[in-house]
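Inspection log for the structure reproduced underneath, given as structure tokens.
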Amino acid sequence: MTIPNYNEEELQEVARKLISNFSAIKVWCLQGEMGSGKTTLCKKIGSELGVIDDMSSPTFSIVNEYGTTKEEDIYHFDFYRLKNLEEALDIGVEDYFYSGNRCLIEWPDIIESLLPANYLQINIKLVGDNTRSLTAKPK
Ligand SMILES: Nc1ncnc2c1ncn2[C@@H]1O[C@H](COP(=O)(O)OP(=O)(O)OP(=O)(O)O)[C@@H](O)[C@H]1O
Ligand SMILES: [Mg+2]
């Protein structure tokens with residue numbers, strides 16, 4: 001699925017589309033360069049799923065857990081600062097990934113070998129200052 005040329009005002013609709021198409025897949029990986037909008041999209045997805053708390057970027061904590069009104073708790077990861085796979089294993093990422101709860105993962109490359117067989121691959125591209133395009137592909 002491709003969602004071309006959306007601005008930030010349209011992001012809620014983008015989140016809604018992703019959820020209505022891919023809700024059954026629990027682990028979602030978000031790829032895209034710095035500033036492409038991974039965290040911004042995660043917040044919208046969270047808000048669509050009924051996250052009550054403010055979703056900050058988990059950059060300094062690697063994983064944040066949020067309660068929602070519509071499904072189980074969701075987990076938001078940012079592996080940008082992860083040094084190696086052992087660090088991920090120490091955090092217990094496999095328990096999170098196989099928990100059956102929704103996982104939103106920024107910078108997933110380093111933990112790719114730990115992902116479950118079925119996950120959603122979201123690729124975000126910068127089109128302009130305020131415009132982005134994305135593709136979402138079940139793996
Ligand atoms: N259409 C859009 N979708 C998402 N973000 C947009 C859009 N247009 C502009 N932005 C802006 O782009 C920036 C995206 O920042 P964000 O932190 O979400 O990126 P990121 O991919 O998570 O970066 P990082 O790799 O550093 O974690 C925000 O300042 C946001 O306001
Ligand atoms: Mg981010």
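Each chain in the structure tokens gets a letter, A, B and so on, in the order shown; residues start at 1 in every chain, and ligands are counted from 1 in the order they appear.
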Which residues, written as a PyMOL selection string, have at least one atom at most 8 Å from Leu11 in chain A, with only C-alpha atoms counted and residues fewer than 5 positions away on the same chain left out?
chain A and resi 6+41+44
Please write the residues from the selection above to a file, keeping N, CA and C atoms, as a CSV table (one decimal), in the first residue's frame.
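Wrote it out as out-v3.csv, contents follow:
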```csv
chain,number,residue,atom,x,y,z
A,6,TYR,N,1.4,13.3,1.6
A,6,TYR,CA,0.5,13.8,2.7
A,6,TYR,C,1.2,14.9,3.5
A,41,LEU,N,4.3,10.2,13.3
A,41,LEU,CA,3.3,9.2,12.8
A,41,LEU,C,3.0,8.2,14.0
A,44,LYS,N,0.4,9.8,16.1
A,44,LYS,CA,-0.9,9.7,15.5
A,44,LYS,C,-1.5,8.4,15.6
```
Taking only C-alpha atoms and all ligand atoms and a cut-off of 7 Å, can you tell me which residues surround ligand 1, written as a PDB file with N, CA and C atoms, in the first residue's frame?
```
ATOM      1  N   TYR A   6       1.385  13.313   1.613  1.00  0.00           N
ATOM      2  CA  TYR A   6       0.505  13.816   2.682  1.00  0.00           C
ATOM      3  C   TYR A   6       1.245  14.861   3.499  1.00  0.00           C
ATOM      4  N   ASN A   7       0.492  15.830   4.001  1.00  0.00           N
ATOM      5  CA  ASN A   7       1.094  16.822   4.907  1.00  0.00           C
ATOM      6  C   ASN A   7       0.718  16.460   6.339  1.00  0.00           C
ATOM      7  N   GLU A   8       1.183  17.265   7.290  1.00  0.00           N
ATOM      8  CA  GLU A   8       0.987  16.899   8.696  1.00  0.00           C
ATOM      9  C   GLU A   8      -0.482  16.936   9.099  1.00  0.00           C
ATOM     10  N   LEU A  11      -2.102  13.599   8.584  1.00  0.00           N
ATOM     11  CA  LEU A  11      -1.431  12.463   9.223  1.00  0.00           C
ATOM     12  C   LEU A  11      -2.395  11.573  10.014  1.00  0.00           C
ATOM     13  N   GLY A  32      12.939   5.360   7.694  1.00  0.00           N
ATOM     14  CA  GLY A  32      12.960   6.659   7.029  1.00  0.00           C
ATOM     15  C   GLY A  32      14.030   7.498   7.690  1.00  0.00           C
ATOM     16  N   GLU A  33      14.606   8.406   6.911  1.00  0.00           N
ATOM     17  CA  GLU A  33      15.723   9.198   7.432  1.00  0.00           C
ATOM     18  C   GLU A  33      15.286  10.078   8.611  1.00  0.00           C
ATOM     19  N   MET A  34      16.271  10.652   9.281  1.00  0.00           N
ATOM     20  CA  MET A  34      16.011  11.544  10.413  1.00  0.00           C
ATOM     21  C   MET A  34      15.061  12.665   9.994  1.00  0.00           C
ATOM     22  N   GLY A  35      14.048  12.891  10.798  1.00  0.00           N
ATOM     23  CA  GLY A  35      13.117  13.975  10.499  1.00  0.00           C
ATOM     24  C   GLY A  35      12.071  13.617   9.453  1.00  0.00           C
ATOM     25  N   SER A  36      12.038  12.340   9.039  1.00  0.00           N
ATOM     26  CA  SER A  36      11.047  11.966   8.021  1.00  0.00           C
ATOM     27  C   SER A  36       9.646  11.864   8.624  1.00  0.00           C
ATOM     28  N   GLY A  37       9.570  11.736   9.954  1.00  0.00           N
ATOM     29  CA  GLY A  37       8.252  11.757  10.586  1.00  0.00           C
ATOM     30  C   GLY A  37       7.845  10.444  11.247  1.00  0.00           C
ATOM     31  N   LYS A  38       8.815   9.624  11.620  1.00  0.00           N
ATOM     32  CA  LYS A  38       8.486   8.346  12.255  1.00  0.00           C
ATOM     33  C   LYS A  38       7.786   8.569  13.603  1.00  0.00           C
ATOM     34  N   THR A  39       8.403   9.405  14.455  1.00  0.00           N
ATOM     35  CA  THR A  39       7.814   9.656  15.775  1.00  0.00           C
ATOM     36  C   THR A  39       6.463  10.349  15.648  1.00  0.00           C
ATOM     37  N   THR A  40       6.384  11.321  14.740  1.00  0.00           N
ATOM     38  CA  THR A  40       5.127  12.061  14.538  1.00  0.00           C
ATOM     39  C   THR A  40       4.008  11.104  14.125  1.00  0.00           C
ATOM     40  N   LEU A  41       4.337  10.151  13.251  1.00  0.00           N
ATOM     41  CA  LEU A  41       3.333   9.171  12.833  1.00  0.00           C
ATOM     42  C   LEU A  41       2.978   8.225  13.988  1.00  0.00           C
ATOM     43  N   GLU A 106      11.010   2.393  15.722  1.00  0.00           N
ATOM     44  CA  GLU A 106      11.832   3.278  14.900  1.00  0.00           C
ATOM     45  C   GLU A 106      13.254   2.732  14.845  1.00  0.00           C
ATOM     46  N   ASP A 129       9.379  20.016   2.392  1.00  0.00           N
ATOM     47  CA  ASP A 129       9.462  20.422   3.799  1.00  0.00           C
ATOM     48  C   ASP A 129       8.309  19.843   4.611  1.00  0.00           C
ATOM     49  N   ASN A 130       7.121  19.853   4.052  1.00  0.00           N
ATOM     50  CA  ASN A 130       5.934  19.443   4.802  1.00  0.00           C
ATOM     51  C   ASN A 130       5.220  18.247   4.191  1.00  0.00           C
ATOM     52  N   THR A 131       5.817  17.682   3.172  1.00  0.00           N
ATOM     53  CA  THR A 131       5.160  16.580   2.471  1.00  0.00           C
ATOM     54  C   THR A 131       5.977  15.290   2.615  1.00  0.00           C
ATOM     55  N   ARG A 132       5.252  14.195   2.860  1.00  0.00           N
ATOM     56  CA  ARG A 132       5.888  12.888   2.988  1.00  0.00           C
ATOM     57  C   ARG A 132       5.112  11.894   2.143  1.00  0.00           C
TER      58      ARG A 132
END
```
Between CA of Leu120 in chain A and CA of Pro108 in chain A, measure the distance and give it in Å to one decimal.
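About the pair CA of Leu120 in chain A and CA of Pro108 in chain A: they are 11.4 Å apart.
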Best match for closeness to Asp90 in chain A among A:Asp109, A:Tyr75, A:Leu18, A:Ile62, counting only C-alpha atoms
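Nearest to Asp90 in chain A: A:Ile62.
Taking CA of Ser23 in chain A as the reference point, CA of Leu85 in chain A is found at 27.6 Å.
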I need the residues in range 45-75 of chain A that are alpha helix (DSSP H) according to DSSP; give them as JSON, numbers by chain.
{"A": [45, 46, 47, 48]}
Write out, as a PDB file, in the first residue's frame, the residues just selected, with N, CA and C atoms.
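New file selection16.pdb:
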```pdb
ATOM      1  N   ILE A  45      -0.721   7.347  15.371  1.00  0.00           N
ATOM      2  CA  ILE A  45      -1.205   5.964  15.485  1.00  0.00           C
ATOM      3  C   ILE A  45      -1.652   5.731  16.927  1.00  0.00           C
ATOM      4  N   GLY A  46      -0.828   6.173  17.875  1.00  0.00           N
ATOM      5  CA  GLY A  46      -1.182   6.043  19.283  1.00  0.00           C
ATOM      6  C   GLY A  46      -2.485   6.748  19.586  1.00  0.00           C
ATOM      7  N   SER A  47      -2.646   7.933  19.078  1.00  0.00           N
ATOM      8  CA  SER A  47      -3.863   8.686  19.373  1.00  0.00           C
ATOM      9  C   SER A  47      -5.085   7.995  18.761  1.00  0.00           C
ATOM     10  N   GLU A  48      -4.919   7.383  17.571  1.00  0.00           N
ATOM     11  CA  GLU A  48      -6.012   6.609  16.959  1.00  0.00           C
ATOM     12  C   GLU A  48      -6.356   5.375  17.792  1.00  0.00           C
TER      13      GLU A  48
END
```
Select, from A:Gln31, A:Gln12, A:Asn84, A:Thr135, the residue with the minimum atom-to-atom distance to ligand 2, counting only C-alpha atoms and all ligand atoms.
A:Gln31
Selected residue, from A:Val63, A:Pro116, A:Asn5, A:Val14, that lies nearest to Tyr80 in chain A when counting only C-alpha atoms
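Result for the nearest residue to Tyr80 in chain A: A:Val63.
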DSSP strand (DSSP E) residues within range 3-103 of chain A, as a ChimeraX atom specification:
/A:3-6,27-31,63-66,74-78,103
Just to confirm, what's the straight-line distance from CA of Gln121 in chain A to CA of Ile52 in chain A in Å (one decimal)?
25.5 Å
If you count only C-alpha atoms, the residue of A:Ser99, A:Leu134, A:Val51, A:Ala88 closest to Glu112 in chain A turns out to be A:Ala88
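The residue that comes closest to Thr2 in chain A, out of A:His76, A:Ala117, A:Lys17, A:Leu82 and on the basis of only C-alpha atoms, is A:Lys17.
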Counting only C-alpha atoms and all ligand atoms, the option among A:Ser56, A:Asn101, A:Thr68, A:Ser61 closest to ligand 2:
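Looking at the shortest contact to ligand 2, the residue is A:Ser56.
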Neighbours of Asn118 in chain A within 9 Å (only C-alpha atoms; same-chain residues fewer than 3 positions away dropped), as a list in words?
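Non-adjacent residues within range: Ile25, Lys26, Val27, Leu115, Pro138 and Lys139 of chain A.
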